[in-house]
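Novice: My questions will all concern the structure given below.
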Amino acid sequence: MNFTREEIEAAQRTVYAAMPPTPQYAWPQLGARLGCRLWAKHENHTPLGAFKVRGGLTYMEALARERPEVRRVVSATRGNHGQSIGFAAARHGLAATIVVPHGNSVEKNAAMRALGVQLVEHGDDFQAASEHAAVLAAEQGLHRVPSFARDLVRGVATAYVEFFEALKRAGEVPDVLFVPIGLGSGFAAAAAARRHCDVRTKLVGVVSSHATAYRDSFRAGRAMEAPVTTLLADGMACRTPVPESVEVLLREADDVVAVSDDEVAAAMRILFTDTHNVAEGAGAAALAAALQQRERWAGRTVGIAVTGGNVDAAVYARVLTSAP
C-alpha cells in the first residue's frame, strides 16, 4: 500500500490538529533484559490510549470532505477502533453506531459510550459483530466504516513516520520492528512508513498463538481463517483476515511470530516494572515477541510498538499479581 508524500503530509495535518506526536524511548532496563538497544513507540500515549485514533481521524476527515451527505456511520470493534471512530465522528458532527461482541471489555465499552456512540452488543466474537454491522448498515442506510481501509492505514502511518524519522535523527534506525497484528492496519502502516522514510528496518508481525489467522495466512501464502481463543489479547482476536491486508503482509513481512497469553502477560508485567507504562494485551505483544526472539536480535537495535494501554483494571490486576 503506497502513499504519496502529499498524502502522508495531509494525514499528519489531520492527526496533529487533534493530538501531538507520541514519544519513542530507548528504555535501558528493557534493553538489558533483551541484550539489545530497545526502542518503544508509545501509542499508549494518544488521547484515546491507542494507535487507532490516527486512522479514525484521517478516515473521517476524508469521508466528510468527499461525501458530505453522510451523517451516520457504523462499524464493529473490540474497542480501540470503535473509540477512534466515535472520537473522529464527533469532530465532524456525525452519529456513530458501534457493534461489539458480547463479553467485550467493560472499560472499552464505557469509553465508547462516553464518546457519544450508540453501542450495540452482538455475537460472540469480532467476526459476528462485523457481520451485524453490515446488516445494520443495509437496514438503516448507515455508512459502514471497515476495520481495514486505505485512509485508516494512511492515518496510522503517521505514528511510524514519527518513529523512523526520530530514530534517523538519532542515528539509530532499528534493525527490526515488531508490530502486533489485529486486522493488519498497523502492520500496513509500518510498511508504508518504512517506504516513506527510506529505511531498511525488517518488519516482524506478531499474532496471538490463540488467534493465528495471519500467521497461518503468511505461511500458506493466502488468507486462512483460524479459531480465536485468546483471553487477554483482544486487540489481536481475528478469526477471518482481510485479503488486502494479507497481501501487504506477504509482500512486506520478514516473518510473523505468535505469542501466547502467558507470554503477553509477562510482557505486560515487564513493561510496568521497567517503564511504568500500562499496556493492554495487544499493546504488549510486540515486547513479548522481542523477548521470545531475543537471541536472534542480540546486540542489535530493536523497535517495538506499544500499540495501546486500554486494559480493564480487573484484568490488569490479575496480570500483575499472577507473576510466577
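We name chains A, B, ... following the order of the C-alpha cells; residues begin at 1 in each chain, and ligands are numbered from 1 as shown.
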Just want the 9 Å neighbourhood of A:Gly221, counted on only C-alpha atoms, with same-chain residues fewer than 6 positions away dropped. Output as number ranges by chain.

Specialist: A: 246-247, 250

Novice: Keeping N, CA and C atoms for every residue in the selection just given, could you write it to a file as a PDB file, in the first residue's frame?

Specialist:
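Listing of again30.pdb after writing:
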ATOM      1  N   VAL A 246      -3.564  -9.271   4.015  1.00  0.00           N
ATOM      2  CA  VAL A 246      -2.689 -10.429   3.821  1.00  0.00           C
ATOM      3  C   VAL A 246      -1.705 -10.163   2.695  1.00  0.00           C
ATOM      4  N   GLU A 247      -2.150  -9.528   1.632  1.00  0.00           N
ATOM      5  CA  GLU A 247      -1.257  -9.195   0.516  1.00  0.00           C
ATOM      6  C   GLU A 247      -0.106  -8.315   0.977  1.00  0.00           C
ATOM      7  N   LEU A 250       2.328 -10.497   3.063  1.00  0.00           N
ATOM      8  CA  LEU A 250       3.144 -11.376   2.235  1.00  0.00           C
ATOM      9  C   LEU A 250       4.264 -10.610   1.536  1.00  0.00           C
TER      10      LEU A 250
END

Novice: Which residues are close to stretch 178-195 of chain A, i.e. within 6 Å by only C-alpha atoms, leaving aside same-chain residues fewer than 2 positions away? Reply as a compact mmCIF listing (two decimals) with all heavy atoms, in the first residue's frame.

Specialist:
# COMPACT_ATOMS: atom_id res chain seq x y z
N PHE A 148 -10.27 -2.19 8.09
CA PHE A 148 -9.05 -2.06 7.31
C PHE A 148 -9.41 -1.29 6.04
O PHE A 148 -10.27 -1.73 5.27
CB PHE A 148 -8.46 -3.42 6.94
CG PHE A 148 -7.14 -3.34 6.22
CD1 PHE A 148 -5.96 -3.39 6.93
CD2 PHE A 148 -7.09 -3.22 4.84
CE1 PHE A 148 -4.73 -3.30 6.27
CE2 PHE A 148 -5.87 -3.13 4.18
CZ PHE A 148 -4.69 -3.17 4.90
N VAL A 153 -5.21 3.21 7.23
CA VAL A 153 -3.77 2.92 7.20
C VAL A 153 -2.96 4.21 7.06
O VAL A 153 -1.93 4.39 7.72
CB VAL A 153 -3.45 1.94 6.06
CG1 VAL A 153 -1.94 1.76 5.91
CG2 VAL A 153 -4.13 0.60 6.30
N VAL A 156 -2.67 5.87 10.45
CA VAL A 156 -1.80 5.13 11.38
C VAL A 156 -0.34 5.24 10.96
O VAL A 156 0.57 5.23 11.80
CB VAL A 156 -2.25 3.66 11.46
CG1 VAL A 156 -1.29 2.85 12.31
CG2 VAL A 156 -3.67 3.57 12.03
N ALA A 157 -0.09 5.38 9.66
CA ALA A 157 1.29 5.51 9.18
C ALA A 157 2.01 6.69 9.81
O ALA A 157 3.25 6.67 9.95
CB ALA A 157 1.32 5.63 7.66
N TYR A 160 4.37 5.64 12.65
CA TYR A 160 5.63 5.01 12.30
C TYR A 160 6.55 5.96 11.54
O TYR A 160 7.78 5.81 11.60
CB TYR A 160 5.36 3.72 11.53
CG TYR A 160 4.65 2.72 12.40
CD1 TYR A 160 3.29 2.48 12.26
CD2 TYR A 160 5.34 2.06 13.42
CE1 TYR A 160 2.63 1.59 13.09
CE2 TYR A 160 4.70 1.17 14.25
CZ TYR A 160 3.34 0.93 14.08
OH TYR A 160 2.70 0.06 14.92
N VAL A 161 5.99 6.97 10.85
CA VAL A 161 6.83 8.02 10.29
C VAL A 161 7.52 8.78 11.43
O VAL A 161 8.73 9.05 11.36
CB VAL A 161 5.99 8.98 9.41
CG1 VAL A 161 6.81 10.21 9.04
CG2 VAL A 161 5.51 8.26 8.14
N CYS A 197 10.00 6.78 4.69
CA CYS A 197 11.21 7.27 5.37
C CYS A 197 12.49 6.68 4.80
O CYS A 197 13.59 7.05 5.24
CB CYS A 197 11.13 6.95 6.87
SG CYS A 197 9.76 7.77 7.72
N ASP A 198 12.36 5.76 3.84
CA ASP A 198 13.50 5.17 3.15
C ASP A 198 14.47 4.53 4.14
O ASP A 198 15.66 4.85 4.19
CB ASP A 198 14.22 6.22 2.30
CG ASP A 198 15.24 5.61 1.35
OD1 ASP A 198 15.07 4.43 0.99
OD2 ASP A 198 16.22 6.30 1.00
N VAL A 199 13.95 3.61 4.97
CA VAL A 199 14.78 2.86 5.90
C VAL A 199 14.67 1.37 5.54
O VAL A 199 13.75 0.94 4.87
CB VAL A 199 14.37 3.08 7.37
CG1 VAL A 199 14.59 4.53 7.76
CG2 VAL A 199 12.91 2.69 7.61
N VAL A 204 8.51 -7.46 11.54
CA VAL A 204 8.03 -8.76 12.00
C VAL A 204 6.64 -8.57 12.59
O VAL A 204 6.44 -7.81 13.54
CB VAL A 204 8.98 -9.36 13.06
CG1 VAL A 204 8.39 -10.64 13.64
CG2 VAL A 204 10.35 -9.64 12.44
N GLY A 205 5.66 -9.24 12.00
CA GLY A 205 4.30 -9.20 12.51
C GLY A 205 4.16 -10.11 13.72
O GLY A 205 4.83 -11.14 13.82
N VAL A 206 3.27 -9.74 14.62
CA VAL A 206 3.05 -10.51 15.85
C VAL A 206 1.57 -10.82 15.99
O VAL A 206 0.73 -9.91 15.97
CB VAL A 206 3.52 -9.74 17.09
CG1 VAL A 206 3.40 -10.62 18.35
CG2 VAL A 206 4.96 -9.25 16.92
N VAL A 207 1.25 -12.10 16.12
CA VAL A 207 -0.13 -12.53 16.36
C VAL A 207 -0.19 -13.26 17.69
O VAL A 207 0.83 -13.65 18.25
CB VAL A 207 -0.67 -13.44 15.24
CG1 VAL A 207 -0.57 -12.75 13.88
CG2 VAL A 207 0.07 -14.78 15.21
N GLY A 235 -7.25 -7.29 21.19
CA GLY A 235 -6.94 -6.50 20.01
C GLY A 235 -6.35 -7.30 18.87
O GLY A 235 -6.21 -6.79 17.76
N MET A 236 -6.00 -8.56 19.12
CA MET A 236 -5.48 -9.43 18.07
C MET A 236 -6.40 -10.63 17.82
O MET A 236 -6.00 -11.60 17.19
CB MET A 236 -4.07 -9.92 18.43
CG MET A 236 -3.07 -8.80 18.61
SD MET A 236 -1.34 -9.38 18.71
CE MET A 236 -1.38 -10.35 20.20
N CYS A 238 -8.50 -12.00 15.85
CA CYS A 238 -9.02 -12.04 14.48
C CYS A 238 -9.24 -13.49 14.04
O CYS A 238 -8.31 -14.30 14.09
CB CYS A 238 -8.06 -11.35 13.53
SG CYS A 238 -8.45 -11.59 11.79
N SER A 245 -5.04 -7.00 3.41
CA SER A 245 -4.04 -6.94 4.47
C SER A 245 -3.06 -8.10 4.36
O SER A 245 -1.85 -7.94 4.59
CB SER A 245 -4.75 -6.96 5.83
OG SER A 245 -3.83 -6.94 6.88
N ALA A 286 4.20 -6.95 21.08
CA ALA A 286 5.48 -6.73 20.39
C ALA A 286 6.65 -7.00 21.32
O ALA A 286 7.65 -7.60 20.92
CB ALA A 286 5.54 -5.31 19.83
N ILE A 304 9.84 -1.79 19.14
CA ILE A 304 8.56 -2.41 19.45
C ILE A 304 7.49 -1.33 19.43
O ILE A 304 7.74 -0.18 19.76
CB ILE A 304 8.54 -3.12 20.82
CG1 ILE A 304 8.80 -2.14 21.97
CG2 ILE A 304 9.52 -4.28 20.85
CD1 ILE A 304 8.55 -2.71 23.36
N ALA A 305 6.29 -1.72 19.01
CA ALA A 305 5.16 -0.80 19.03
C ALA A 305 4.29 -1.14 20.23
O ALA A 305 3.72 -2.24 20.30
CB ALA A 305 4.35 -0.93 17.74

Novice: By how many Å are atom CA of A:Gly79 and atom CA of A:Arg150 apart?

Specialist: 20.0 Å

Novice: Counting only C-alpha atoms, what is within 12 Å of A:Asp125, bar same-chain residues fewer than 3 positions away, as a PyMOL selection string?

Specialist: chain A and resi 76-78+99-104+121-122+128-132+211+227-231+234-240

Novice: Could you pull the residues within 12 Å of A:Thr273, counting only C-alpha atoms, minus those fewer than 5 positions along the same chain, as a list of chain:residue names?

Specialist: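 With the cut-off at 12 Å, the set is A:Trp27, A:Gln29, A:Leu30, A:Arg33, A:Ala266, A:Ala267, A:Met268, A:Val278, A:Ala279, A:Leu320, A:Ala323.
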
Novice: Just write the chosen residues, all heavy atoms, as a CSV table (one decimal), in the first residue's frame.

Specialist:
chain,number,residue,atom,x,y,z
A,27,TRP,N,14.5,2.4,26.4
A,27,TRP,CA,14.5,2.0,27.8
A,27,TRP,C,15.6,1.2,28.2
A,27,TRP,O,15.8,0.0,27.7
A,27,TRP,CB,13.2,1.3,28.2
A,27,TRP,CG,11.9,2.2,28.0
A,27,TRP,CD1,11.1,2.2,26.9
A,27,TRP,CD2,11.4,3.1,28.9
A,27,TRP,NE1,10.1,3.1,27.1
A,27,TRP,CE2,10.3,3.7,28.3
A,27,TRP,CE3,11.9,3.6,30.2
A,27,TRP,CZ2,9.5,4.7,29.0
A,27,TRP,CZ3,11.1,4.5,30.8
A,27,TRP,CH2,10.0,5.1,30.2
A,29,GLN,N,16.4,-0.6,31.0
A,29,GLN,CA,16.2,-1.9,31.6
A,29,GLN,C,15.6,-2.9,30.6
A,29,GLN,O,16.0,-4.1,30.6
A,29,GLN,CB,15.2,-1.7,32.7
A,29,GLN,CG,15.8,-1.1,34.0
A,29,GLN,CD,14.8,-0.9,35.1
A,29,GLN,OE1,14.1,0.2,35.2
A,29,GLN,NE2,14.7,-1.9,35.9
A,30,LEU,N,14.8,-2.4,29.7
A,30,LEU,CA,14.3,-3.3,28.6
A,30,LEU,C,15.4,-3.8,27.8
A,30,LEU,O,15.5,-5.0,27.4
A,30,LEU,CB,13.2,-2.6,27.8
A,30,LEU,CG,11.8,-2.4,28.4
A,30,LEU,CD1,10.9,-1.7,27.4
A,30,LEU,CD2,11.2,-3.7,28.9
A,33,ARG,N,17.4,-6.4,29.5
A,33,ARG,CA,16.7,-7.7,29.5
A,33,ARG,C,16.9,-8.5,28.2
A,33,ARG,O,17.0,-9.7,28.2
A,33,ARG,CB,15.2,-7.5,29.7
A,33,ARG,CG,14.8,-7.3,31.1
A,33,ARG,CD,13.3,-7.2,31.2
A,33,ARG,NE,12.7,-6.8,32.5
A,33,ARG,CZ,12.4,-7.6,33.5
A,33,ARG,NH1,12.6,-8.9,33.3
A,33,ARG,NH2,12.0,-7.1,34.6
A,266,ALA,N,3.4,-11.8,30.7
A,266,ALA,CA,4.7,-11.5,31.2
A,266,ALA,C,5.2,-10.2,30.7
A,266,ALA,O,5.9,-9.4,31.4
A,266,ALA,CB,5.7,-12.6,30.9
A,267,ALA,N,5.0,-9.9,29.4
A,267,ALA,CA,5.4,-8.7,28.8
A,267,ALA,C,4.7,-7.5,29.4
A,267,ALA,O,5.3,-6.4,29.6
A,267,ALA,CB,5.2,-8.7,27.3
A,268,MET,N,3.4,-7.6,29.7
A,268,MET,CA,2.7,-6.5,30.4
A,268,MET,C,3.3,-6.2,31.7
A,268,MET,O,3.5,-5.0,32.1
A,268,MET,CB,1.2,-6.9,30.6
A,268,MET,CG,0.4,-7.0,29.3
A,268,MET,SD,-1.2,-7.8,29.5
A,268,MET,CE,-2.1,-6.5,30.3
A,278,VAL,N,1.5,1.3,31.2
A,278,VAL,CA,0.4,0.3,31.2
A,278,VAL,C,0.2,-0.1,29.7
A,278,VAL,O,0.0,0.7,28.9
A,278,VAL,CB,-0.9,0.8,31.8
A,278,VAL,CG1,-2.0,-0.2,31.6
A,278,VAL,CG2,-0.7,1.1,33.3
A,279,ALA,N,0.1,-1.4,29.5
A,279,ALA,CA,-0.2,-1.9,28.1
A,279,ALA,C,-1.3,-2.9,28.2
A,279,ALA,O,-1.3,-3.8,29.1
A,279,ALA,CB,1.1,-2.5,27.5
A,320,LEU,N,-0.9,-8.5,36.9
A,320,LEU,CA,0.2,-8.0,37.7
A,320,LEU,C,0.5,-8.9,38.9
A,320,LEU,O,1.6,-9.1,39.4
A,320,LEU,CB,0.0,-6.6,38.2
A,320,LEU,CG,0.0,-5.5,37.2
A,320,LEU,CD1,-0.2,-4.1,37.8
A,320,LEU,CD2,1.4,-5.5,36.4
A,323,ALA,N,2.3,-13.1,38.6
A,323,ALA,CA,3.7,-13.3,38.3
A,323,ALA,C,4.2,-14.6,38.9
A,323,ALA,O,3.9,-14.8,40.1
A,323,ALA,CB,4.6,-12.1,38.7

Novice: Report as an NGL selection string all protein, DNA and RNA residues lying within 8 Å of A:Ala289, evaluated on only C-alpha atoms, omitting residues in the same chain fewer than 4 positions from it.

Specialist: :A and (178 or 206 or 257-259 or 285 or 293)

Novice: Mind listing the alpha helix (DSSP H) residues of stretch 220-287 of chain A, per DSSP on the backbone, as a short mmCIF file (atom, residue, chain, number, x, y, z; two decimals) with all heavy atoms, in the first residue's frame?

Specialist:
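Generated file (part-v5.cif):
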data_model
loop_
_atom_site.label_atom_id
_atom_site.label_comp_id
_atom_site.auth_asym_id
_atom_site.auth_seq_id
_atom_site.Cartn_x
_atom_site.Cartn_y
_atom_site.Cartn_z
N ALA A 220 0.87 -19.87 4.45
CA ALA A 220 0.18 -20.51 3.34
C ALA A 220 0.25 -19.69 2.06
O ALA A 220 0.02 -20.22 0.96
CB ALA A 220 -1.28 -20.75 3.71
N PRO A 243 -8.20 -9.97 3.03
CA PRO A 243 -7.30 -10.36 1.92
C PRO A 243 -6.29 -9.28 1.54
O PRO A 243 -5.11 -9.58 1.30
CB PRO A 243 -8.27 -10.65 0.78
CG PRO A 243 -9.53 -11.11 1.46
CD PRO A 243 -9.61 -10.27 2.71
N GLU A 244 -6.72 -8.02 1.48
CA GLU A 244 -5.80 -6.94 1.12
C GLU A 244 -4.68 -6.80 2.15
O GLU A 244 -3.52 -6.54 1.81
CB GLU A 244 -6.56 -5.62 0.99
CG GLU A 244 -5.70 -4.47 0.49
CD GLU A 244 -6.47 -3.17 0.38
OE1 GLU A 244 -7.64 -3.12 0.82
OE2 GLU A 244 -5.91 -2.20 -0.14
N SER A 245 -5.04 -7.00 3.41
CA SER A 245 -4.04 -6.94 4.47
C SER A 245 -3.06 -8.10 4.36
O SER A 245 -1.85 -7.94 4.59
CB SER A 245 -4.75 -6.96 5.83
OG SER A 245 -3.83 -6.94 6.88
N VAL A 246 -3.56 -9.27 4.02
CA VAL A 246 -2.69 -10.43 3.82
C VAL A 246 -1.70 -10.16 2.69
O VAL A 246 -0.52 -10.51 2.78
CB VAL A 246 -3.52 -11.70 3.54
CG1 VAL A 246 -2.61 -12.86 3.13
CG2 VAL A 246 -4.34 -12.08 4.77
N GLU A 247 -2.15 -9.53 1.63
CA GLU A 247 -1.26 -9.20 0.52
C GLU A 247 -0.11 -8.32 0.98
O GLU A 247 1.05 -8.52 0.58
CB GLU A 247 -2.04 -8.50 -0.59
CG GLU A 247 -3.03 -9.39 -1.33
CD GLU A 247 -3.85 -8.62 -2.34
OE1 GLU A 247 -3.54 -7.45 -2.59
OE2 GLU A 247 -4.82 -9.20 -2.86
N VAL A 248 -0.42 -7.33 1.81
CA VAL A 248 0.64 -6.46 2.35
C VAL A 248 1.61 -7.27 3.19
O VAL A 248 2.84 -7.13 3.08
CB VAL A 248 0.03 -5.33 3.19
CG1 VAL A 248 1.13 -4.51 3.87
CG2 VAL A 248 -0.84 -4.42 2.34
N LEU A 249 1.08 -8.14 4.02
CA LEU A 249 1.92 -8.97 4.90
C LEU A 249 2.85 -9.85 4.08
O LEU A 249 4.06 -9.94 4.37
CB LEU A 249 1.01 -9.82 5.79
CG LEU A 249 1.64 -10.47 7.01
CD1 LEU A 249 2.05 -9.41 8.01
CD2 LEU A 249 0.66 -11.45 7.65
N LEU A 250 2.33 -10.50 3.06
CA LEU A 250 3.14 -11.38 2.23
C LEU A 250 4.26 -10.61 1.54
O LEU A 250 5.38 -11.12 1.35
CB LEU A 250 2.26 -12.07 1.19
CG LEU A 250 1.26 -13.09 1.72
CD1 LEU A 250 0.35 -13.58 0.61
CD2 LEU A 250 1.98 -14.28 2.37
N ARG A 251 3.98 -9.39 1.17
CA ARG A 251 4.95 -8.57 0.44
C ARG A 251 5.98 -7.92 1.35
O ARG A 251 7.15 -7.75 0.97
CB ARG A 251 4.21 -7.50 -0.36
CG ARG A 251 5.08 -6.70 -1.30
CD ARG A 251 4.24 -5.78 -2.18
NE ARG A 251 3.47 -4.80 -1.42
CZ ARG A 251 2.14 -4.81 -1.31
NH1 ARG A 251 1.43 -5.75 -1.91
NH2 ARG A 251 1.50 -3.88 -0.60
N GLU A 252 5.59 -7.57 2.57
CA GLU A 252 6.42 -6.69 3.39
C GLU A 252 7.04 -7.34 4.64
O GLU A 252 8.01 -6.81 5.18
CB GLU A 252 5.59 -5.48 3.86
CG GLU A 252 4.95 -4.68 2.73
CD GLU A 252 5.93 -3.80 1.98
OE1 GLU A 252 7.12 -3.77 2.36
OE2 GLU A 252 5.52 -3.15 1.00
N ASP A 261 -0.83 -16.12 25.50
CA ASP A 261 -1.35 -15.24 26.53
C ASP A 261 -0.40 -15.14 27.72
O ASP A 261 -0.25 -14.08 28.33
CB ASP A 261 -2.73 -15.72 27.01
CG ASP A 261 -3.86 -15.30 26.08
OD1 ASP A 261 -3.59 -14.60 25.08
OD2 ASP A 261 -5.03 -15.66 26.37
N ASP A 262 0.26 -16.24 28.07
CA ASP A 262 1.22 -16.21 29.18
C ASP A 262 2.40 -15.31 28.84
O ASP A 262 2.88 -14.55 29.70
CB ASP A 262 1.71 -17.61 29.50
CG ASP A 262 0.68 -18.46 30.23
OD1 ASP A 262 -0.31 -17.88 30.74
OD2 ASP A 262 0.86 -19.69 30.30
N GLU A 263 2.88 -15.38 27.60
CA GLU A 263 3.99 -14.51 27.19
C GLU A 263 3.55 -13.05 27.17
O GLU A 263 4.32 -12.15 27.55
CB GLU A 263 4.49 -14.93 25.81
CG GLU A 263 5.26 -16.24 25.81
CD GLU A 263 5.65 -16.67 24.41
OE1 GLU A 263 4.76 -16.83 23.55
OE2 GLU A 263 6.87 -16.84 24.16
N VAL A 264 2.33 -12.81 26.73
CA VAL A 264 1.81 -11.44 26.71
C VAL A 264 1.68 -10.90 28.13
O VAL A 264 2.04 -9.76 28.42
CB VAL A 264 0.46 -11.39 25.97
CG1 VAL A 264 -0.25 -10.07 26.22
CG2 VAL A 264 0.67 -11.61 24.48
N ALA A 265 1.16 -11.72 29.04
CA ALA A 265 1.02 -11.29 30.43
C ALA A 265 2.38 -10.95 31.04
O ALA A 265 2.54 -9.94 31.74
CB ALA A 265 0.33 -12.38 31.25
N ALA A 266 3.37 -11.78 30.74
CA ALA A 266 4.73 -11.49 31.25
C ALA A 266 5.24 -10.18 30.69
O ALA A 266 5.87 -9.38 31.42
CB ALA A 266 5.66 -12.64 30.87
N ALA A 267 4.98 -9.91 29.41
CA ALA A 267 5.42 -8.65 28.81
C ALA A 267 4.71 -7.46 29.42
O ALA A 267 5.31 -6.39 29.60
CB ALA A 267 5.20 -8.69 27.30
N MET A 268 3.42 -7.61 29.74
CA MET A 268 2.68 -6.53 30.41
C MET A 268 3.33 -6.21 31.74
O MET A 268 3.48 -5.03 32.11
CB MET A 268 1.22 -6.93 30.58
CG MET A 268 0.44 -7.02 29.28
SD MET A 268 -1.19 -7.83 29.46
CE MET A 268 -2.11 -6.54 30.34
N ARG A 269 3.70 -7.24 32.49
CA ARG A 269 4.35 -7.02 33.79
C ARG A 269 5.71 -6.36 33.62
O ARG A 269 6.07 -5.44 34.37
CB ARG A 269 4.49 -8.35 34.54
CG ARG A 269 3.18 -8.94 35.03
CD ARG A 269 3.40 -10.11 35.96
NE ARG A 269 3.97 -11.27 35.29
CZ ARG A 269 3.25 -12.25 34.72
NH1 ARG A 269 1.92 -12.19 34.73
NH2 ARG A 269 3.85 -13.28 34.17
N ILE A 270 6.47 -6.81 32.63
CA ILE A 270 7.80 -6.25 32.41
C ILE A 270 7.70 -4.78 32.00
O ILE A 270 8.49 -3.94 32.48
CB ILE A 270 8.54 -7.08 31.34
CG1 ILE A 270 8.96 -8.42 31.94
CG2 ILE A 270 9.76 -6.33 30.80
CD1 ILE A 270 9.45 -9.42 30.90
N LEU A 271 6.77 -4.45 31.12
CA LEU A 271 6.60 -3.05 30.73
C LEU A 271 6.31 -2.17 31.94
O LEU A 271 6.83 -1.06 32.07
CB LEU A 271 5.48 -2.90 29.70
CG LEU A 271 5.88 -3.11 28.24
CD1 LEU A 271 4.64 -3.21 27.37
CD2 LEU A 271 6.76 -1.96 27.76
N PHE A 272 5.47 -2.68 32.83
CA PHE A 272 5.17 -1.88 34.02
C PHE A 272 6.39 -1.78 34.93
O PHE A 272 6.72 -0.69 35.43
CB PHE A 272 3.99 -2.48 34.78
CG PHE A 272 3.58 -1.65 35.96
CD1 PHE A 272 2.85 -0.49 35.78
CD2 PHE A 272 3.97 -2.00 37.25
CE1 PHE A 272 2.49 0.30 36.87
CE2 PHE A 272 3.61 -1.21 38.34
CZ PHE A 272 2.87 -0.06 38.14
N THR A 273 7.08 -2.87 35.14
CA THR A 273 8.23 -2.88 36.04
C THR A 273 9.37 -2.00 35.52
O THR A 273 9.97 -1.22 36.26
CB THR A 273 8.75 -4.31 36.22
OG1 THR A 273 7.71 -5.12 36.79
CG2 THR A 273 9.97 -4.35 37.14
N ASP A 274 9.66 -2.12 34.23
CA ASP A 274 10.83 -1.45 33.66
C ASP A 274 10.55 -0.03 33.19
O ASP A 274 11.48 0.78 33.10
CB ASP A 274 11.37 -2.26 32.48
CG ASP A 274 12.04 -3.55 32.92
OD1 ASP A 274 12.03 -3.85 34.12
OD2 ASP A 274 12.56 -4.28 32.04
N THR A 275 9.28 0.29 32.87
CA THR A 275 8.98 1.61 32.31
C THR A 275 7.79 2.30 32.97
O THR A 275 7.53 3.47 32.69
CB THR A 275 8.66 1.51 30.80
OG1 THR A 275 7.34 0.99 30.62
CG2 THR A 275 9.65 0.62 30.08
N GLY A 281 -3.25 -6.23 26.30
CA GLY A 281 -2.62 -7.43 25.77
C GLY A 281 -1.95 -7.22 24.43
O GLY A 281 -0.77 -7.53 24.24
N ALA A 282 -2.71 -6.69 23.45
CA ALA A 282 -2.13 -6.45 22.14
C ALA A 282 -0.99 -5.43 22.22
O ALA A 282 -0.02 -5.51 21.47
CB ALA A 282 -3.21 -5.96 21.17
N GLY A 283 -1.11 -4.48 23.15
CA GLY A 283 -0.08 -3.46 23.30
C GLY A 283 1.24 -3.99 23.81
O GLY A 283 2.29 -3.37 23.58
N ALA A 284 1.21 -5.13 24.48
CA ALA A 284 2.44 -5.74 24.99
C ALA A 284 2.94 -6.86 24.10
O ALA A 284 4.02 -7.42 24.35
CB ALA A 284 2.20 -6.28 26.40
N ALA A 285 2.20 -7.18 23.06
CA ALA A 285 2.55 -8.34 22.23
C ALA A 285 3.89 -8.17 21.52
O ALA A 285 4.64 -9.14 21.35
CB ALA A 285 1.45 -8.60 21.21
N ALA A 286 4.20 -6.95 21.08
CA ALA A 286 5.48 -6.73 20.39
C ALA A 286 6.65 -7.00 21.32
O ALA A 286 7.65 -7.60 20.92
CB ALA A 286 5.54 -5.31 19.83
N LEU A 287 6.54 -6.56 22.57
CA LEU A 287 7.59 -6.86 23.53
C LEU A 287 7.68 -8.35 23.79
O LEU A 287 8.78 -8.92 23.88
CB LEU A 287 7.37 -6.11 24.84
CG LEU A 287 8.39 -6.43 25.94
CD1 LEU A 287 9.81 -6.08 25.50
CD2 LEU A 287 8.04 -5.69 27.24
#

Novice: Write out as a VMD selection string all residues of stretch 12-247 of chain A that backbone DSSP assigns to strand (DSSP E).

Specialist: chain A and resid 24 to 26 37 to 42 72 to 76 95 to 100 118 to 121 143 to 144 176 to 180 202 to 208

Novice: Between A:Arg91, A:Lys202, A:Arg72, A:His196, which one has atoms that come closest to A:Asp255, using only C-alpha atoms?

Specialist: A:Lys202

Novice: Considering only C-alpha atoms, return as a PyMOL selection string whatever protein or nucleic-acid residues lie within 8 Å of stretch 47-57 of chain A, sequence-local ones (same chain, fewer than 2 positions apart) excluded.

Specialist: chain A and resi 14-15+19+43-45+59-61+80-81+83-85+87-88+151-156+158-159+307-310

Novice: Can you tell me, as a PyMOL selection string, what residues are no more than 8 Å from A:Leu94 when counting only C-alpha atoms, ignoring any on the same chain fewer than 6 positions away?

Specialist: chain A and resi 70-73

Novice: Any idea what the distance is between atom CA of A:Trp39 and atom CA of A:Gly303?

Specialist: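 Atom-to-atom, atom CA of A:Trp39 to atom CA of A:Gly303, that is 4.7 Å.
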